[in-house]
Amino acid sequence: MALYEYRCDRDGSFDVILAMGTAPASMRCPACASQAQRVFSKPMLTFTPPALATAIDHAEKTRDEPDVVTSLPPRPAHRRTPVLPLTPTLRRLPRP
Ligand SMILES: [Zn+2]
């Protein structure tokens, strides 16, 4: 079964579900019973989530037009953290 769209000049568009390939060029409007012409609209093939579509677009853009950098990214602030606890034994060891 497929969804076909028809447009009545007076009442607007309406959808009809018919077997695939059996849709006539015109059909009676369910509201006014006048002849409505079949409309070819784009199929709803893309149900991609917006976040995924954005990620795919970004990946394609960086592939085709990669960002050019002129320097290395800034280094993160270096924080010195003690690797081992300062016990009296370790305090006697030489420091760098
Ligand atoms: Zn109508």
# chains A, B, ... in the order shown; residues from 1 in each chain; ligands from 1
$ residues_around --residues "region 38-42 of chain A" --least-positions-apart "2" --cutoff "6 Å" --atoms "only C-alpha atoms" --output "VMD selection string"
chain A and resid 5 to 6 25 to 26
$ write_last_selection --atoms "C-alpha atoms" --output "mmCIF file, in the first residue's frame"
data_model
loop_
_atom_site.group_PDB
_atom_site.id
_atom_site.type_symbol
_atom_site.label_atom_id
_atom_site.label_comp_id
_atom_site.auth_asym_id
_atom_site.auth_seq_id
_atom_site.Cartn_x
_atom_site.Cartn_y
_atom_site.Cartn_z
ATOM 1 C CA GLU A 5 -1.802 12.858 -2.533
ATOM 2 C CA TYR A 6 -4.616 14.584 -4.433
ATOM 3 C CA ALA A 25 -4.732 10.565 -12.248
ATOM 4 C CA SER A 26 -7.806 12.065 -10.623
#
$ residues_near_ligand --ligand "ligand 1" --cutoff "9 Å" --atoms "only C-alpha atoms and all ligand atoms" --output "list in words"
Arg7, Cys8, Asp9, Arg10, Asp11, Gly12, Ser13, Arg28, Cys29, Pro30, Ala31, Cys32, Ala33, Ser34, Gln35 and Ala36 of chain A
$ select_by_dssp --residues "chain A" --states "strand (DSSP E or B)" --output "VMD selection string"
chain A and resid 2 to 8 12 to 18 26 to 28 35 to 39
$ select_by_dssp --residues "chain A" --states "helix (DSSP H, G or I)" --output "ChimeraX atom specification"
/A:50-64,88-91
$ write_last_selection --atoms "all heavy atoms" --output "short mmCIF file (atom, residue, chain, number, x, y, z; two decimals), in the first residue's frame"
data_model
loop_
_atom_site.label_atom_id
_atom_site.label_comp_id
_atom_site.auth_asym_id
_atom_site.auth_seq_id
_atom_site.Cartn_x
_atom_site.Cartn_y
_atom_site.Cartn_z
N PRO A 50 17.79 15.11 13.65
CA PRO A 50 18.51 16.35 13.33
C PRO A 50 19.96 16.36 13.80
O PRO A 50 20.83 16.88 13.09
CB PRO A 50 17.70 17.43 14.06
CG PRO A 50 16.36 16.84 14.25
CD PRO A 50 16.54 15.37 14.37
N ALA A 51 20.24 15.78 14.95
CA ALA A 51 21.62 15.78 15.45
C ALA A 51 22.51 14.94 14.54
O ALA A 51 23.65 15.31 14.25
CB ALA A 51 21.65 15.24 16.88
N LEU A 52 21.99 13.80 14.06
CA LEU A 52 22.78 12.97 13.16
C LEU A 52 22.98 13.67 11.82
O LEU A 52 24.07 13.61 11.24
CB LEU A 52 22.07 11.62 12.96
CG LEU A 52 22.75 10.64 12.00
CD1 LEU A 52 24.17 10.31 12.49
CD2 LEU A 52 21.93 9.38 11.88
N ALA A 53 21.95 14.34 11.32
CA ALA A 53 22.08 15.07 10.06
C ALA A 53 23.12 16.16 10.17
O ALA A 53 23.93 16.37 9.26
CB ALA A 53 20.74 15.64 9.65
N THR A 54 23.15 16.86 11.32
CA THR A 54 24.14 17.91 11.53
C THR A 54 25.54 17.31 11.58
O THR A 54 26.48 17.87 11.00
CB THR A 54 23.84 18.64 12.85
OG1 THR A 54 22.53 19.19 12.77
CG2 THR A 54 24.84 19.76 13.10
N ALA A 55 25.70 16.17 12.24
CA ALA A 55 27.01 15.53 12.32
C ALA A 55 27.48 15.07 10.96
O ALA A 55 28.66 15.21 10.61
CB ALA A 55 26.95 14.36 13.30
N ILE A 56 26.58 14.52 10.15
CA ILE A 56 26.95 14.07 8.81
C ILE A 56 27.34 15.27 7.95
O ILE A 56 28.34 15.22 7.22
CB ILE A 56 25.79 13.28 8.18
CG1 ILE A 56 25.61 11.95 8.92
CG2 ILE A 56 26.03 13.04 6.69
CD1 ILE A 56 24.36 11.19 8.53
N ASP A 57 26.57 16.36 8.04
CA ASP A 57 26.90 17.56 7.27
C ASP A 57 28.26 18.11 7.69
O ASP A 57 29.06 18.52 6.84
CB ASP A 57 25.83 18.63 7.46
CG ASP A 57 24.53 18.27 6.77
OD1 ASP A 57 24.54 17.36 5.91
OD2 ASP A 57 23.49 18.87 7.10
N HIS A 58 28.54 18.12 8.99
CA HIS A 58 29.82 18.62 9.48
C HIS A 58 30.97 17.72 8.98
O HIS A 58 32.02 18.23 8.56
CB HIS A 58 29.82 18.68 11.00
CG HIS A 58 31.10 19.17 11.58
ND1 HIS A 58 31.50 20.48 11.49
CD2 HIS A 58 32.09 18.52 12.23
CE1 HIS A 58 32.68 20.62 12.06
NE2 HIS A 58 33.05 19.44 12.53
N ALA A 59 30.76 16.41 9.01
CA ALA A 59 31.81 15.50 8.54
C ALA A 59 32.08 15.70 7.05
O ALA A 59 33.23 15.69 6.62
CB ALA A 59 31.40 14.05 8.83
N GLU A 60 31.03 15.89 6.27
CA GLU A 60 31.22 16.12 4.84
C GLU A 60 31.92 17.45 4.58
O GLU A 60 32.76 17.55 3.70
CB GLU A 60 29.88 16.08 4.12
CG GLU A 60 29.30 14.69 4.05
CD GLU A 60 27.96 14.66 3.34
OE1 GLU A 60 27.48 15.72 2.91
OE2 GLU A 60 27.39 13.56 3.23
N LYS A 61 31.59 18.46 5.38
CA LYS A 61 32.22 19.77 5.19
C LYS A 61 33.70 19.71 5.53
O LYS A 61 34.54 20.25 4.79
CB LYS A 61 31.53 20.81 6.06
CG LYS A 61 32.09 22.21 5.89
CD LYS A 61 31.39 23.19 6.80
CE LYS A 61 31.93 24.59 6.63
NZ LYS A 61 33.33 24.72 6.95
N THR A 62 34.05 19.06 6.62
CA THR A 62 35.47 18.99 6.99
C THR A 62 36.25 18.12 6.02
O THR A 62 37.44 18.32 5.84
CB THR A 62 35.65 18.46 8.41
OG1 THR A 62 35.04 17.17 8.51
CG2 THR A 62 35.03 19.38 9.43
N ARG A 63 35.58 17.17 5.39
CA ARG A 63 36.25 16.34 4.38
C ARG A 63 36.53 17.16 3.13
O ARG A 63 37.61 17.08 2.55
CB ARG A 63 35.39 15.13 4.04
CG ARG A 63 36.07 14.19 3.04
CD ARG A 63 35.15 13.09 2.60
NE ARG A 63 34.03 13.68 1.90
CZ ARG A 63 32.79 13.17 1.90
NH1 ARG A 63 32.54 12.09 2.57
NH2 ARG A 63 31.84 13.75 1.23
N ASP A 64 35.56 17.97 2.71
CA ASP A 64 35.72 18.74 1.49
C ASP A 64 36.47 20.04 1.70
O ASP A 64 37.23 20.48 0.84
CB ASP A 64 34.34 19.05 0.89
CG ASP A 64 33.60 17.79 0.48
OD1 ASP A 64 34.28 16.78 0.22
OD2 ASP A 64 32.37 17.82 0.41
N PRO A 88 58.03 10.93 55.01
CA PRO A 88 59.39 11.34 55.43
C PRO A 88 60.49 10.64 54.63
O PRO A 88 61.52 11.24 54.35
CB PRO A 88 59.44 10.94 56.91
CG PRO A 88 58.02 10.94 57.34
CD PRO A 88 57.22 10.54 56.14
N THR A 89 60.27 9.44 54.22
CA THR A 89 61.27 8.75 53.43
C THR A 89 61.42 9.37 52.05
O THR A 89 62.52 9.55 51.54
CB THR A 89 60.89 7.26 53.26
OG1 THR A 89 60.61 6.70 54.52
CG2 THR A 89 61.99 6.49 52.59
N LEU A 90 60.30 9.73 51.42
CA LEU A 90 60.36 10.31 50.08
C LEU A 90 60.88 11.75 50.10
O LEU A 90 61.42 12.22 49.11
CB LEU A 90 58.95 10.29 49.44
CG LEU A 90 58.43 8.89 49.10
CD1 LEU A 90 57.00 8.99 48.60
CD2 LEU A 90 59.32 8.21 48.06
N ARG A 91 60.76 12.44 51.22
CA ARG A 91 61.25 13.82 51.29
C ARG A 91 62.77 13.89 51.17
O ARG A 91 63.32 14.89 50.78
CB ARG A 91 60.80 14.47 52.59
CG ARG A 91 59.37 14.89 52.59
CD ARG A 91 59.01 15.68 53.83
NE ARG A 91 57.59 15.88 53.86
CZ ARG A 91 56.83 15.75 54.94
NH1 ARG A 91 57.38 15.44 56.09
NH2 ARG A 91 55.55 15.92 54.88
#
$ decode --residues "chain A" --atoms "C-alpha atoms" --output "compact mmCIF listing (two decimals), in the first residue's frame"
# COMPACT_ATOMS: atom_id res chain seq x y z
CA MET A 1 0.00 0.00 0.00
CA ALA A 2 1.14 3.50 -0.76
CA LEU A 3 0.04 6.98 0.21
CA TYR A 4 -1.07 9.16 -2.72
CA GLU A 5 -1.80 12.86 -2.53
CA TYR A 6 -4.62 14.58 -4.43
CA ARG A 7 -5.50 18.26 -4.55
CA CYS A 8 -8.98 19.65 -4.86
CA ASP A 9 -9.25 23.21 -6.20
CA ARG A 10 -11.81 24.07 -3.55
CA ASP A 11 -10.86 22.00 -0.46
CA GLY A 12 -7.11 21.61 -0.74
CA SER A 13 -5.07 18.42 -0.61
CA PHE A 14 -5.97 15.04 0.83
CA ASP A 15 -4.26 11.68 1.02
CA VAL A 16 -5.51 8.29 -0.16
CA ILE A 17 -3.98 4.92 0.60
CA LEU A 18 -4.08 2.59 -2.42
CA ALA A 19 -2.20 -0.40 -3.70
CA MET A 20 1.08 0.58 -5.27
CA GLY A 21 0.72 1.53 -8.92
CA THR A 22 -3.08 1.69 -8.86
CA ALA A 23 -3.55 5.42 -8.22
CA PRO A 24 -5.63 7.12 -10.91
CA ALA A 25 -4.73 10.57 -12.25
CA SER A 26 -7.81 12.07 -10.62
CA MET A 27 -10.10 11.07 -7.79
CA ARG A 28 -13.32 12.38 -6.24
CA CYS A 29 -12.79 14.79 -3.39
CA PRO A 30 -14.20 13.36 -0.13
CA ALA A 31 -15.60 16.80 0.82
CA CYS A 32 -17.20 18.15 -2.35
CA ALA A 33 -17.12 15.11 -4.68
CA SER A 34 -15.49 17.07 -7.50
CA GLN A 35 -12.51 15.70 -9.39
CA ALA A 36 -9.18 16.24 -7.62
CA GLN A 37 -5.90 15.92 -9.49
CA ARG A 38 -3.09 13.74 -8.30
CA VAL A 39 -0.09 15.62 -6.91
CA PHE A 40 3.46 14.29 -7.00
CA SER A 41 5.23 15.34 -3.85
CA LYS A 42 8.59 14.31 -2.51
CA PRO A 43 8.56 11.01 -0.65
CA MET A 44 9.28 11.01 3.06
CA LEU A 45 12.43 8.96 2.82
CA THR A 46 14.56 10.90 5.26
CA PHE A 47 13.69 10.45 8.88
CA THR A 48 17.21 11.21 10.02
CA PRO A 49 17.41 12.70 13.51
CA PRO A 50 18.51 16.35 13.33
CA ALA A 51 21.62 15.78 15.45
CA LEU A 52 22.78 12.97 13.16
CA ALA A 53 22.08 15.07 10.06
CA THR A 54 24.14 17.91 11.53
CA ALA A 55 27.01 15.53 12.32
CA ILE A 56 26.95 14.07 8.81
CA ASP A 57 26.90 17.56 7.27
CA HIS A 58 29.82 18.62 9.48
CA ALA A 59 31.81 15.50 8.54
CA GLU A 60 31.22 16.12 4.84
CA LYS A 61 32.22 19.77 5.19
CA THR A 62 35.47 18.99 6.99
CA ARG A 63 36.25 16.34 4.38
CA ASP A 64 35.72 18.74 1.49
CA GLU A 65 36.88 21.99 3.13
CA PRO A 66 39.16 21.15 6.06
CA ASP A 67 39.98 23.94 8.47
CA VAL A 68 43.53 25.22 7.93
CA VAL A 69 45.49 25.89 11.11
CA THR A 70 48.65 27.98 11.34
CA SER A 71 49.74 27.06 14.85
CA LEU A 72 49.43 24.38 17.43
CA PRO A 73 46.51 24.53 19.81
CA PRO A 74 47.31 26.20 23.15
CA ARG A 75 48.71 23.93 25.79
CA PRO A 76 46.52 23.31 28.78
CA ALA A 77 47.65 24.87 32.04
CA HIS A 78 50.17 22.52 33.59
CA ARG A 79 49.25 21.56 37.09
CA ARG A 80 51.84 19.82 39.14
CA THR A 81 50.29 17.09 41.20
CA PRO A 82 52.29 14.94 43.52
CA VAL A 83 52.58 11.44 42.18
CA LEU A 84 53.22 9.90 45.54
CA PRO A 85 52.34 11.12 49.00
CA LEU A 86 55.18 12.97 50.67
CA THR A 87 56.25 10.62 53.37
CA PRO A 88 59.39 11.34 55.43
CA THR A 89 61.27 8.75 53.43
CA LEU A 90 60.36 10.31 50.08
CA ARG A 91 61.25 13.82 51.29
CA ARG A 92 64.89 12.83 51.45
CA LEU A 93 64.99 11.92 47.78
CA PRO A 94 66.52 14.46 45.36
CA ARG A 95 64.10 16.78 43.62
CA PRO A 96 64.26 17.67 39.95
